[in-house]
Amino acid sequence: LAGEAAAVVPGAPGAPVRLARCCTPVPPDAACGFAVRGGAVTVHREECPKAVEMVEGGRPALAVRWRSDSVGCRVTLQAEALGRPELLADLTEALAQHGAAVVHAEVEPPRQQRVRHTYTLRLPDASGLPRLMRAMRRVPGVYDVSRAVRVHP
C-alpha cells in the first residue's frame with residue numbers, strides 16, 4: 001500500500017512498515033511505531049487506545065516520521081447522521097467527488113433515528129482529508145464526521 005511506504009522508522013532501518021488498521025494513521029498525524037513479529041514495525045496514531053495501552057504496558061515506542069514525497073493513504077472515517085432516504089448515496093457521492101476510493105463500508109442499523117456510517121478509504125493525498133471531512137459534514141443530516149479508532153476487547 002502506498003501509504004505504508006510513507007512512514008519511516010529511523011530506529012528500525014529496513015524493517016517493513018505497516019499502518020495499524022485500528023487507527024489508520026496518515027500524514028501529518030503524530031505517530032509511533034511498535035516492533036512486531038517478523039521484524040516489521042506497526043505504526044499507530046499516538047492517541048490510539050491500542051498504542052497508549054502498549055506504552056503503558058512497557059512496550060517501547062519507536063519514533064516515526066512521514067516521508068515528504070509520499071503519495072496516497074488509507075483512512076477510516078465515521079459519519080454520524082440522522083437516518084433518511086438517500087443518505088448513503090449522498091455520502092458516497094461526496095466521497096467520490098473528493099477522489100476517495102471506498103475500500104470497506106459499514107452502515108449500522110438506525111438507533112433512535114440516528115445512524116453511523118464507517119468508511120475505510122484510499123485517498124490520493126492525505127492533505128485532502130480535512131476537505132473531505134468538511135464535505136461529508138455538509139451532507140444533509142450528517143452532524144459529525146471523525147477519524148475512527150477501533151477498540152479491541
# chains A, B, ... in the order shown; residues from 1 in each chain; ligands from 1
>>> residues_around(residues="Leu129 (chain A)", least_positions_apart="3", cutoff="12 Å", atoms="only C-alpha atoms", output="PDB file with all heavy atoms, in the first residue's frame")
ATOM      1  N   PRO A  25      -3.331   5.649  10.662  1.00  0.00           N
ATOM      2  CA  PRO A  25      -2.599   6.913  10.680  1.00  0.00           C
ATOM      3  C   PRO A  25      -2.276   7.401   9.267  1.00  0.00           C
ATOM      4  O   PRO A  25      -2.051   6.593   8.363  1.00  0.00           O
ATOM      5  CB  PRO A  25      -1.317   6.557  11.436  1.00  0.00           C
ATOM      6  CG  PRO A  25      -1.129   5.096  11.204  1.00  0.00           C
ATOM      7  CD  PRO A  25      -2.521   4.523  11.109  1.00  0.00           C
ATOM      8  N   VAL A  26      -2.297   8.712   9.096  1.00  0.00           N
ATOM      9  CA  VAL A  26      -1.930   9.336   7.820  1.00  0.00           C
ATOM     10  C   VAL A  26      -1.082  10.569   8.116  1.00  0.00           C
ATOM     11  O   VAL A  26      -1.170  11.145   9.201  1.00  0.00           O
ATOM     12  CB  VAL A  26      -3.167   9.752   6.978  1.00  0.00           C
ATOM     13  CG1 VAL A  26      -4.014   8.561   6.611  1.00  0.00           C
ATOM     14  CG2 VAL A  26      -3.992  10.805   7.683  1.00  0.00           C
ATOM     15  N   PRO A  27      -0.261  10.987   7.162  1.00  0.00           N
ATOM     16  CA  PRO A  27       0.473  12.238   7.362  1.00  0.00           C
ATOM     17  C   PRO A  27      -0.529  13.377   7.503  1.00  0.00           C
ATOM     18  O   PRO A  27      -1.545  13.358   6.816  1.00  0.00           O
ATOM     19  CB  PRO A  27       1.270  12.399   6.072  1.00  0.00           C
ATOM     20  CG  PRO A  27       1.258  11.055   5.413  1.00  0.00           C
ATOM     21  CD  PRO A  27       0.022  10.368   5.887  1.00  0.00           C
ATOM     22  N   PRO A  28      -0.371  14.287   8.372  1.00  0.00           N
ATOM     23  CA  PRO A  28       0.745  14.543   9.294  1.00  0.00           C
ATOM     24  C   PRO A  28       0.460  14.098  10.725  1.00  0.00           C
ATOM     25  O   PRO A  28       0.960  14.693  11.666  1.00  0.00           O
ATOM     26  CB  PRO A  28       0.861  16.063   9.230  1.00  0.00           C
ATOM     27  CG  PRO A  28      -0.574  16.504   9.149  1.00  0.00           C
ATOM     28  CD  PRO A  28      -1.267  15.453   8.297  1.00  0.00           C
ATOM     29  N   ASP A  29      -0.338  13.034  10.929  1.00  0.00           N
ATOM     30  CA  ASP A  29      -0.660  12.576  12.285  1.00  0.00           C
ATOM     31  C   ASP A  29       0.600  12.358  13.110  1.00  0.00           C
ATOM     32  O   ASP A  29       1.612  11.877  12.601  1.00  0.00           O
ATOM     33  CB  ASP A  29      -1.399  11.228  12.247  1.00  0.00           C
ATOM     34  CG  ASP A  29      -2.803  11.327  11.692  1.00  0.00           C
ATOM     35  OD1 ASP A  29      -3.363  12.430  11.651  1.00  0.00           O
ATOM     36  OD2 ASP A  29      -3.342  10.272  11.289  1.00  0.00           O
ATOM     37  N   GLY A  72      -0.705   9.054  -1.584  1.00  0.00           N
ATOM     38  CA  GLY A  72      -1.798   8.162  -1.220  1.00  0.00           C
ATOM     39  C   GLY A  72      -1.780   7.764   0.242  1.00  0.00           C
ATOM     40  O   GLY A  72      -0.747   7.789   0.889  1.00  0.00           O
ATOM     41  N   CYS A  73      -2.958   7.461   0.751  1.00  0.00           N
ATOM     42  CA  CYS A  73      -3.072   6.994   2.130  1.00  0.00           C
ATOM     43  C   CYS A  73      -4.392   6.255   2.293  1.00  0.00           C
ATOM     44  O   CYS A  73      -5.281   6.335   1.457  1.00  0.00           O
ATOM     45  CB  CYS A  73      -2.992   8.160   3.114  1.00  0.00           C
ATOM     46  SG  CYS A  73      -4.384   9.284   3.029  1.00  0.00           S
ATOM     47  N   ARG A  74      -4.487   5.558   3.400  1.00  0.00           N
ATOM     48  CA  ARG A  74      -5.703   4.828   3.755  1.00  0.00           C
ATOM     49  C   ARG A  74      -6.176   5.377   5.095  1.00  0.00           C
ATOM     50  O   ARG A  74      -5.364   5.581   6.002  1.00  0.00           O
ATOM     51  CB  ARG A  74      -5.364   3.347   3.863  1.00  0.00           C
ATOM     52  CG  ARG A  74      -6.513   2.460   4.168  1.00  0.00           C
ATOM     53  CD  ARG A  74      -5.997   1.028   4.197  1.00  0.00           C
ATOM     54  NE  ARG A  74      -7.028   0.139   4.641  1.00  0.00           N
ATOM     55  CZ  ARG A  74      -7.278  -1.028   4.096  1.00  0.00           C
ATOM     56  NH1 ARG A  74      -6.536  -1.461   3.106  1.00  0.00           N
ATOM     57  NH2 ARG A  74      -8.245  -1.775   4.544  1.00  0.00           N
ATOM     58  N   VAL A  75      -7.469   5.634   5.230  1.00  0.00           N
ATOM     59  CA  VAL A  75      -8.008   6.242   6.440  1.00  0.00           C
ATOM     60  C   VAL A  75      -9.425   5.709   6.678  1.00  0.00           C
ATOM     61  O   VAL A  75     -10.116   5.352   5.727  1.00  0.00           O
ATOM     62  CB  VAL A  75      -8.005   7.782   6.338  1.00  0.00           C
ATOM     63  CG1 VAL A  75      -8.923   8.260   5.242  1.00  0.00           C
ATOM     64  CG2 VAL A  75      -8.346   8.435   7.658  1.00  0.00           C
ATOM     65  N   THR A  76      -9.813   5.636   7.957  1.00  0.00           N
ATOM     66  CA  THR A  76     -11.171   5.210   8.295  1.00  0.00           C
ATOM     67  C   THR A  76     -11.896   6.380   8.946  1.00  0.00           C
ATOM     68  O   THR A  76     -11.385   6.981   9.900  1.00  0.00           O
ATOM     69  CB  THR A  76     -11.155   3.992   9.234  1.00  0.00           C
ATOM     70  OG1 THR A  76     -10.446   2.928   8.582  1.00  0.00           O
ATOM     71  CG2 THR A  76     -12.566   3.519   9.549  1.00  0.00           C
ATOM     72  N   LEU A  77     -13.070   6.708   8.402  1.00  0.00           N
ATOM     73  CA  LEU A  77     -13.894   7.807   8.899  1.00  0.00           C
ATOM     74  C   LEU A  77     -15.246   7.289   9.337  1.00  0.00           C
ATOM     75  O   LEU A  77     -15.778   6.351   8.744  1.00  0.00           O
ATOM     76  CB  LEU A  77     -14.110   8.854   7.804  1.00  0.00           C
ATOM     77  CG  LEU A  77     -12.869   9.536   7.245  1.00  0.00           C
ATOM     78  CD1 LEU A  77     -13.260  10.479   6.112  1.00  0.00           C
ATOM     79  CD2 LEU A  77     -12.121  10.279   8.329  1.00  0.00           C
ATOM     80  N   LEU A  95     -17.797  11.407  -1.187  1.00  0.00           N
ATOM     81  CA  LEU A  95     -16.515  10.698  -1.201  1.00  0.00           C
ATOM     82  C   LEU A  95     -15.928  10.665  -2.607  1.00  0.00           C
ATOM     83  O   LEU A  95     -14.748  10.969  -2.816  1.00  0.00           O
ATOM     84  CB  LEU A  95     -16.690   9.273  -0.675  1.00  0.00           C
ATOM     85  CG  LEU A  95     -17.136   9.119   0.781  1.00  0.00           C
ATOM     86  CD1 LEU A  95     -17.419   7.662   1.098  1.00  0.00           C
ATOM     87  CD2 LEU A  95     -16.111   9.702   1.733  1.00  0.00           C
ATOM     88  N   HIS A  98     -14.315  13.788  -4.027  1.00  0.00           N
ATOM     89  CA  HIS A  98     -13.013  14.137  -3.460  1.00  0.00           C
ATOM     90  C   HIS A  98     -11.952  13.077  -3.746  1.00  0.00           C
ATOM     91  O   HIS A  98     -10.894  13.064  -3.115  1.00  0.00           O
ATOM     92  CB  HIS A  98     -13.158  14.400  -1.954  1.00  0.00           C
ATOM     93  CG  HIS A  98     -13.792  15.718  -1.681  1.00  0.00           C
ATOM     94  ND1 HIS A  98     -15.158  15.914  -1.763  1.00  0.00           N
ATOM     95  CD2 HIS A  98     -13.256  16.918  -1.390  1.00  0.00           C
ATOM     96  CE1 HIS A  98     -15.422  17.172  -1.514  1.00  0.00           C
ATOM     97  NE2 HIS A  98     -14.302  17.803  -1.289  1.00  0.00           N
ATOM     98  N   GLY A  99     -12.241  12.189  -4.683  1.00  0.00           N
ATOM     99  CA  GLY A  99     -11.250  11.205  -5.117  1.00  0.00           C
ATOM    100  C   GLY A  99     -11.009  10.069  -4.148  1.00  0.00           C
ATOM    101  O   GLY A  99      -9.999   9.377  -4.243  1.00  0.00           O
ATOM    102  N   ALA A 100     -11.916   9.860  -3.216  1.00  0.00           N
ATOM    103  CA  ALA A 100     -11.748   8.788  -2.239  1.00  0.00           C
ATOM    104  C   ALA A 100     -12.306   7.481  -2.797  1.00  0.00           C
ATOM    105  O   ALA A 100     -13.432   7.436  -3.273  1.00  0.00           O
ATOM    106  CB  ALA A 100     -12.474   9.143  -0.941  1.00  0.00           C
ATOM    107  N   LEU A 121     -11.196   4.284   3.508  1.00  0.00           N
ATOM    108  CA  LEU A 121     -10.995   4.919   2.207  1.00  0.00           C
ATOM    109  C   LEU A 121      -9.532   4.921   1.809  1.00  0.00           C
ATOM    110  O   LEU A 121      -8.645   4.963   2.658  1.00  0.00           O
ATOM    111  CB  LEU A 121     -11.472   6.380   2.269  1.00  0.00           C
ATOM    112  CG  LEU A 121     -12.867   6.612   2.824  1.00  0.00           C
ATOM    113  CD1 LEU A 121     -13.070   8.082   3.122  1.00  0.00           C
ATOM    114  CD2 LEU A 121     -13.898   6.106   1.838  1.00  0.00           C
ATOM    115  N   ARG A 122      -9.302   4.944   0.523  1.00  0.00           N
ATOM    116  CA  ARG A 122      -7.971   5.198  -0.018  1.00  0.00           C
ATOM    117  C   ARG A 122      -8.042   6.565  -0.670  1.00  0.00           C
ATOM    118  O   ARG A 122      -8.876   6.798  -1.541  1.00  0.00           O
ATOM    119  CB  ARG A 122      -7.565   4.125  -1.029  1.00  0.00           C
ATOM    120  CG  ARG A 122      -6.119   4.299  -1.476  1.00  0.00           C
ATOM    121  CD  ARG A 122      -5.554   3.099  -2.205  1.00  0.00           C
ATOM    122  NE  ARG A 122      -5.469   1.959  -1.287  1.00  0.00           N
ATOM    123  CZ  ARG A 122      -6.045   0.776  -1.520  1.00  0.00           C
ATOM    124  NH1 ARG A 122      -6.717   0.565  -2.608  1.00  0.00           N
ATOM    125  NH2 ARG A 122      -5.926  -0.198  -0.644  1.00  0.00           N
ATOM    126  N   LEU A 123      -7.193   7.476  -0.190  1.00  0.00           N
ATOM    127  CA  LEU A 123      -7.156   8.838  -0.713  1.00  0.00           C
ATOM    128  C   LEU A 123      -5.891   9.042  -1.531  1.00  0.00           C
ATOM    129  O   LEU A 123      -4.837   8.491  -1.197  1.00  0.00           O
ATOM    130  CB  LEU A 123      -7.159   9.858   0.432  1.00  0.00           C
ATOM    131  CG  LEU A 123      -8.333   9.818   1.394  1.00  0.00           C
ATOM    132  CD1 LEU A 123      -8.108  10.800   2.532  1.00  0.00           C
ATOM    133  CD2 LEU A 123      -9.609  10.141   0.663  1.00  0.00           C
ATOM    134  N   PRO A 124      -5.971   9.855  -2.583  1.00  0.00           N
ATOM    135  CA  PRO A 124      -4.777  10.104  -3.383  1.00  0.00           C
ATOM    136  C   PRO A 124      -3.714  10.892  -2.618  1.00  0.00           C
ATOM    137  O   PRO A 124      -2.532  10.792  -2.911  1.00  0.00           O
ATOM    138  CB  PRO A 124      -5.287  10.893  -4.588  1.00  0.00           C
ATOM    139  CG  PRO A 124      -6.633  11.400  -4.199  1.00  0.00           C
ATOM    140  CD  PRO A 124      -7.153  10.504  -3.121  1.00  0.00           C
ATOM    141  N   ASP A 125      -4.143  11.667  -1.604  1.00  0.00           N
ATOM    142  CA  ASP A 125      -3.206  12.514  -0.861  1.00  0.00           C
ATOM    143  C   ASP A 125      -3.827  12.847   0.493  1.00  0.00           C
ATOM    144  O   ASP A 125      -4.977  13.297   0.561  1.00  0.00           O
ATOM    145  CB  ASP A 125      -2.967  13.788  -1.673  1.00  0.00           C
ATOM    146  CG  ASP A 125      -1.993  14.749  -1.027  1.00  0.00           C
ATOM    147  OD1 ASP A 125      -1.479  14.463   0.066  1.00  0.00           O
ATOM    148  OD2 ASP A 125      -1.739  15.798  -1.631  1.00  0.00           O
ATOM    149  N   ALA A 126      -3.091  12.653   1.567  1.00  0.00           N
ATOM    150  CA  ALA A 126      -3.619  12.912   2.906  1.00  0.00           C
ATOM    151  C   ALA A 126      -3.980  14.371   3.126  1.00  0.00           C
ATOM    152  O   ALA A 126      -4.809  14.682   3.970  1.00  0.00           O
ATOM    153  CB  ALA A 126      -2.604  12.474   3.958  1.00  0.00           C
ATOM    154  N   LEU A 132     -12.288  16.671   2.648  1.00  0.00           N
ATOM    155  CA  LEU A 132     -13.236  15.568   2.513  1.00  0.00           C
ATOM    156  C   LEU A 132     -14.161  15.506   3.729  1.00  0.00           C
ATOM    157  O   LEU A 132     -15.376  15.358   3.581  1.00  0.00           O
ATOM    158  CB  LEU A 132     -12.491  14.239   2.348  1.00  0.00           C
ATOM    159  CG  LEU A 132     -13.350  12.978   2.412  1.00  0.00           C
ATOM    160  CD1 LEU A 132     -14.361  12.957   1.271  1.00  0.00           C
ATOM    161  CD2 LEU A 132     -12.481  11.741   2.376  1.00  0.00           C
ATOM    162  N   MET A 133     -13.598  15.631   4.909  1.00  0.00           N
ATOM    163  CA  MET A 133     -14.419  15.568   6.126  1.00  0.00           C
ATOM    164  C   MET A 133     -15.425  16.727   6.168  1.00  0.00           C
ATOM    165  O   MET A 133     -16.580  16.537   6.559  1.00  0.00           O
ATOM    166  CB  MET A 133     -13.527  15.544   7.370  1.00  0.00           C
ATOM    167  CG  MET A 133     -12.739  14.244   7.488  1.00  0.00           C
ATOM    168  SD  MET A 133     -11.540  14.213   8.844  1.00  0.00           S
ATOM    169  CE  MET A 133     -12.626  14.081  10.254  1.00  0.00           C
ATOM    170  N   ARG A 134     -15.002  17.916   5.737  1.00  0.00           N
ATOM    171  CA  ARG A 134     -15.941  19.049   5.680  1.00  0.00           C
ATOM    172  C   ARG A 134     -17.066  18.774   4.684  1.00  0.00           C
ATOM    173  O   ARG A 134     -18.233  19.070   4.951  1.00  0.00           O
ATOM    174  CB  ARG A 134     -15.210  20.344   5.309  1.00  0.00           C
ATOM    175  CG  ARG A 134     -14.464  20.970   6.470  1.00  0.00           C
ATOM    176  CD  ARG A 134     -13.986  22.382   6.151  1.00  0.00           C
ATOM    177  NE  ARG A 134     -13.078  22.457   5.020  1.00  0.00           N
ATOM    178  CZ  ARG A 134     -11.764  22.274   5.075  1.00  0.00           C
ATOM    179  NH1 ARG A 134     -11.185  22.014   6.231  1.00  0.00           N
ATOM    180  NH2 ARG A 134     -11.024  22.369   4.003  1.00  0.00           N
ATOM    181  N   ALA A 135     -16.722  18.189   3.534  1.00  0.00           N
ATOM    182  CA  ALA A 135     -17.741  17.876   2.519  1.00  0.00           C
ATOM    183  C   ALA A 135     -18.742  16.854   3.065  1.00  0.00           C
ATOM    184  O   ALA A 135     -19.949  16.966   2.814  1.00  0.00           O
ATOM    185  CB  ALA A 135     -17.083  17.350   1.249  1.00  0.00           C
ATOM    186  N   MET A 136     -18.263  15.880   3.812  1.00  0.00           N
ATOM    187  CA  MET A 136     -19.165  14.889   4.406  1.00  0.00           C
ATOM    188  C   MET A 136     -20.089  15.546   5.423  1.00  0.00           C
ATOM    189  O   MET A 136     -21.267  15.225   5.498  1.00  0.00           O
ATOM    190  CB  MET A 136     -18.362  13.754   5.052  1.00  0.00           C
ATOM    191  CG  MET A 136     -17.636  12.868   4.051  1.00  0.00           C
ATOM    192  SD  MET A 136     -16.532  11.661   4.852  1.00  0.00           S
ATOM    193  CE  MET A 136     -17.743  10.536   5.576  1.00  0.00           C
ATOM    194  N   VAL A 145     -18.439  14.038  11.695  1.00  0.00           N
ATOM    195  CA  VAL A 145     -17.539  13.161  10.954  1.00  0.00           C
ATOM    196  C   VAL A 145     -16.224  13.162  11.718  1.00  0.00           C
ATOM    197  O   VAL A 145     -15.713  14.221  12.080  1.00  0.00           O
ATOM    198  CB  VAL A 145     -17.314  13.650   9.509  1.00  0.00           C
ATOM    199  CG1 VAL A 145     -16.283  12.783   8.794  1.00  0.00           C
ATOM    200  CG2 VAL A 145     -18.626  13.663   8.731  1.00  0.00           C
ATOM    201  N   SER A 146     -15.705  11.972  11.994  1.00  0.00           N
ATOM    202  CA  SER A 146     -14.467  11.873  12.759  1.00  0.00           C
ATOM    203  C   SER A 146     -13.621  10.718  12.254  1.00  0.00           C
ATOM    204  O   SER A 146     -14.101   9.827  11.557  1.00  0.00           O
ATOM    205  CB  SER A 146     -14.775  11.681  14.243  1.00  0.00           C
ATOM    206  OG  SER A 146     -15.507  10.486  14.433  1.00  0.00           O
ATOM    207  N   ARG A 147     -12.346  10.751  12.627  1.00  0.00           N
ATOM    208  CA  ARG A 147     -11.447   9.636  12.351  1.00  0.00           C
ATOM    209  C   ARG A 147     -11.860   8.498  13.259  1.00  0.00           C
ATOM    210  O   ARG A 147     -12.069   8.692  14.452  1.00  0.00           O
ATOM    211  CB  ARG A 147      -9.997  10.025  12.638  1.00  0.00           C
ATOM    212  CG  ARG A 147      -9.467  11.166  11.802  1.00  0.00           C
ATOM    213  CD  ARG A 147      -8.956  10.731  10.447  1.00  0.00           C
ATOM    214  NE  ARG A 147      -7.872   9.791  10.527  1.00  0.00           N
ATOM    215  CZ  ARG A 147      -6.593  10.115  10.702  1.00  0.00           C
ATOM    216  NH1 ARG A 147      -6.234  11.371  10.812  1.00  0.00           N
ATOM    217  NH2 ARG A 147      -5.674   9.176  10.782  1.00  0.00           N
TER     218      ARG A 147
END
>>> select_by_dssp(residues="region 15-76 of chain A", states="alpha helix (DSSP H)", output="ChimeraX atom specification")
/A:49-56
>>> select_by_dssp(residues="region 7-145 of chain A", states="strand (DSSP E)", output="JSON, numbers by chain")
{"A": [7, 8, 17, 18, 19, 31, 32, 33, 34, 35, 41, 42, 43, 44, 45, 62, 63, 65, 66, 73, 74, 75, 76, 77, 78, 79, 80, 81, 82, 101, 102, 103, 104, 105, 106, 107, 114, 115, 116, 117, 118, 119, 120, 121, 122, 123, 142, 143, 144, 145]}
>>> atom_distance(atom1="CA of Arg67 (chain A)", atom2="CA of Ala7 (chain A)")
6.1 Å
>>> residues_around(residues="Ala31 (chain A)", least_positions_apart="4", cutoff="10 Å", atoms="only C-alpha atoms", output="number ranges by chain")
A: 7, 19, 25-27, 43-48, 51, 61-66
>>> residues_around(residues="Val107 (chain A)", least_positions_apart="4", cutoff="8 Å", atoms="only C-alpha atoms", output="list in words")
Val115, Arg116, His117 and Thr118 of chain A
>>> atom_distance(atom1="CA of Val142 (chain A)", atom2="CA of Val103 (chain A)")
21.0 Å
>>> residues_around(residues="Pro140 (chain A)", least_positions_apart="4", cutoff="9 Å", atoms="only C-alpha atoms", output="list in words")
Ala81, Leu82, Leu87, Asp90 and Met136 of chain A
>>> atom_distance(atom1="CA of Ala105 (chain A)", atom2="CA of Tyr119 (chain A)")
4.5 Å
>>> closest_residue(among="A:Glu53, A:Ser68, A:Gly58, A:Arg114", to="Val8 (chain A)", atoms="only C-alpha atoms")
A:Ser68
